[in-house]
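Text of structure-v6.cif, listed as mmCIF, C-alpha atoms:
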data_final
#
loop_
_atom_site.label_atom_id
_atom_site.label_comp_id
_atom_site.auth_asym_id
_atom_site.auth_seq_id
_atom_site.Cartn_x
_atom_site.Cartn_y
_atom_site.Cartn_z
CA MET D 55 69.44 105.57 99.90
CA LEU D 56 67.94 102.22 100.96
CA GLN D 57 70.90 100.39 99.46
CA PHE D 58 73.32 102.65 101.37
CA ILE D 59 71.50 101.94 104.66
CA LYS D 60 71.60 98.20 103.90
CA GLU D 61 75.34 98.42 103.27
CA SER D 62 75.95 100.59 106.37
CA PRO D 63 73.46 99.52 109.07
CA GLY D 64 73.49 101.91 112.00
CA VAL D 65 74.56 104.92 109.95
CA HIS D 66 73.37 108.22 111.39
CA PHE D 67 71.56 111.08 109.65
CA GLY D 68 74.70 113.19 109.10
CA GLY D 69 76.59 110.21 107.70
CA ILE D 70 73.84 109.51 105.18
CA ARG D 71 73.62 113.18 104.23
CA ARG D 72 77.38 113.50 103.67
CA GLN D 73 77.80 110.24 101.78
CA LEU D 74 74.83 110.78 99.47
CA GLY D 75 75.18 114.56 99.13
CA LEU D 76 71.55 115.27 100.01
CA SER D 77 70.02 118.34 101.63
CA ASN D 78 68.47 118.03 105.10
CA GLY D 79 64.91 118.45 103.84
CA THR D 80 65.26 115.88 101.08
CA LEU D 81 66.84 113.38 103.44
CA VAL D 82 64.18 113.88 106.15
CA HIS D 83 61.44 113.33 103.56
CA HIS D 84 62.92 110.14 102.12
CA LEU D 85 63.85 108.64 105.49
CA SER D 86 60.36 109.24 106.85
CA MET D 87 58.87 107.63 103.71
CA LEU D 88 61.16 104.60 104.05
CA GLU D 89 60.18 104.26 107.72
CA ARG D 90 56.47 104.59 106.90
CA LEU D 91 56.79 101.91 104.20
CA GLY D 92 58.56 99.58 106.65
CA GLU D 93 61.82 99.50 104.72
CA VAL D 94 63.99 101.03 107.47
CA ARG D 95 63.72 101.70 111.18
CA SER D 96 65.58 104.12 113.37
CA ARG D 97 66.69 104.34 116.96
CA ARG D 98 68.19 107.08 119.14
CA ASP D 99 71.80 106.52 120.14
CA GLY D 100 72.92 109.37 122.38
CA GLN D 101 72.71 112.49 120.26
CA TYR D 102 72.33 110.54 117.00
CA ARG D 103 69.44 108.80 115.28
CA ARG D 104 70.73 105.66 113.60
CA TYR D 105 69.04 103.94 110.66
CA TYR D 106 68.85 100.20 110.01
CA PRO D 107 67.25 98.05 107.32
CA PHE D 108 63.96 96.78 108.74
CA ALA D 109 65.11 93.14 108.70
CA ALA D 110 68.47 93.89 110.38
CA ARG D 111 69.11 92.80 113.94
CA LEU D 112 69.57 95.90 116.07
CA PRO D 113 72.55 96.06 118.43
CA GLU D 114 71.86 95.56 122.13
CA VAL D 115 70.92 98.71 124.01
CA ASP D 116 72.50 99.21 127.38
CA GLY D 117 71.55 102.86 127.80
CA SER D 118 75.19 103.84 127.66
CA GLU D 119 75.16 106.21 124.69
CA SER D 120 77.76 103.94 123.12
CA THR D 121 78.60 104.65 119.52
CA LEU D 122 81.06 103.38 116.98
CA LEU D 123 83.56 106.03 118.13
CA HIS D 124 82.99 105.00 121.74
CA HIS D 125 83.94 101.38 120.92
CA ALA D 126 86.83 102.38 118.67
CA LEU D 127 88.33 104.54 121.44
CA LEU D 128 88.04 101.68 123.93
CA GLN D 129 89.82 99.32 121.53
CA THR D 130 92.62 101.79 120.80
CA ILE D 131 93.17 102.58 124.49
CA ALA D 132 93.23 98.86 125.32
CA ARG D 133 95.72 98.22 122.53
CA CYS D 134 98.00 101.26 122.93
CA GLY D 135 97.36 102.68 126.41
CA GLY D 136 98.75 106.05 127.47
CA VAL D 137 97.32 107.92 124.50
CA THR D 138 96.25 111.56 124.51
CA PRO D 139 92.92 112.87 123.20
CA THR D 140 94.79 114.62 120.38
CA GLN D 141 96.39 111.35 119.29
CA LEU D 142 93.03 109.56 119.47
CA ALA D 143 91.35 112.29 117.43
CA ALA D 144 93.99 111.97 114.70
CA LEU D 145 93.83 108.17 114.67
CA HIS D 146 90.04 108.08 114.40
CA LYS D 147 89.62 111.16 112.19
CA ALA D 148 87.27 112.72 114.74
CA SER D 149 87.17 116.14 116.35
CA LYS D 150 88.96 116.61 119.66
CA GLN D 151 85.63 117.68 121.16
CA ALA D 152 83.94 114.41 120.16
CA VAL D 153 86.86 112.38 121.47
CA ASN D 154 86.90 114.26 124.78
CA TYR D 155 83.15 113.79 125.16
CA HIS D 156 83.45 110.02 124.75
CA LEU D 157 86.53 109.80 126.95
CA GLN D 158 84.62 111.52 129.77
CA LEU D 159 81.74 109.06 129.35
CA LEU D 160 84.15 106.13 129.42
CA ARG D 161 85.94 107.52 132.48
CA ARG D 162 82.66 108.05 134.39
CA LYS D 163 81.66 104.46 133.60
CA GLY D 164 84.98 103.21 134.96
CA LEU D 165 86.14 101.79 131.62
CA VAL D 166 89.23 103.99 131.28
CA ARG D 167 91.30 106.10 133.63
CA SER D 168 93.19 109.30 133.02
CA SER D 169 96.66 110.28 134.11
CA ARG D 170 98.15 113.78 133.96
CA GLN D 171 101.71 114.02 132.70
CA GLY D 172 102.77 117.64 132.55
CA ARG D 173 100.41 119.44 130.18
CA HIS D 174 99.03 116.20 128.73
CA THR D 175 96.29 113.89 129.91
CA ARG D 176 96.80 110.29 128.90
CA TYR D 177 94.09 107.63 128.91
CA LEU D 178 94.73 104.09 130.03
CA PRO D 179 92.54 100.99 130.22
CA VAL D 180 91.15 100.06 133.64
CA GLN D 181 92.52 96.71 134.79
CA ARG D 182 89.66 94.37 135.68
CA ALA D 183 90.24 91.83 138.45
#
What is this file in structure tokens?
Amino acid sequence: MLQFIKESPGVHFGGIRRQLGLSNGTLVHHLSMLERLGEVRSRRDGQYRRYYPFAARLPEVDGSESTLLHHALLQTIARCGGVTPTQLAALHKASKQAVNYHLQLLRRKGLVRSSRQGRHTRYLPVQRA
């Protein structure tokens, strides 16, 4: 488990559980032991708790609930522009609900804008002056 966290700093509880095939109770026990021993540390990131090796440099916190998906969506929208949530969900192998959640956060922060075209909503990057 420690090796996995070292190889994937910032991985969240569900990611560890899925990758290592552990039950919730077993994972909670071992993560709390690793934290108590000073091997790993954790931090809240929106709805997730992310785990890092103790010696790892933690990413900057801007209070924005930004996650890996958040950044990946921004990059894809900047690169492609005019993409729908369904297309983004397929590209990033994420649920449409998760993609829509992050798109709404990005829109409220002024990082992307949406445009209705018939039944579809397309997301475009916001042009900075």
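Around Leu145 of chain D, within 12 Å and counting all atoms listed in the file, the residues found are Leu123, Ala126, Leu127, Gln129, Thr130, Ile131, Cys134, Val137, Thr138, Pro139, Thr140, Gln141, Leu142, Ala143, Lys147, Ala148, Ser149, Lys150 and Val153 of chain D, once anything fewer than 2 positions away on its own chain is removed.
Considering the residues D:Lys60, D:Arg167, D:Arg98, D:His83 and counting all atoms listed in the file, Pro179 of chain D has its shortest atom-to-atom contact with D:Arg167.
For the choices D:Arg162, D:Thr175, D:Phe58, D:His146, the atom-to-atom distance to Leu74 of chain D is smallest for D:Phe58 when using all atoms listed in the file.
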Nearest to Tyr102 of chain D, restricted to all atoms listed in the file and choosing among D:Gly135, D:Pro63, D:Gly69, D:Gly164, comes out as D:Gly69
Among the residues D:Leu160, D:Val82, D:Ala152, D:Ala144, the one that comes closest to Gly68 of chain D [using all atoms listed in the file]:
D:Val82
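One finds atom CA of Phe67 of chain D at 26.8 Å from atom CA of Lys163 of chain D.
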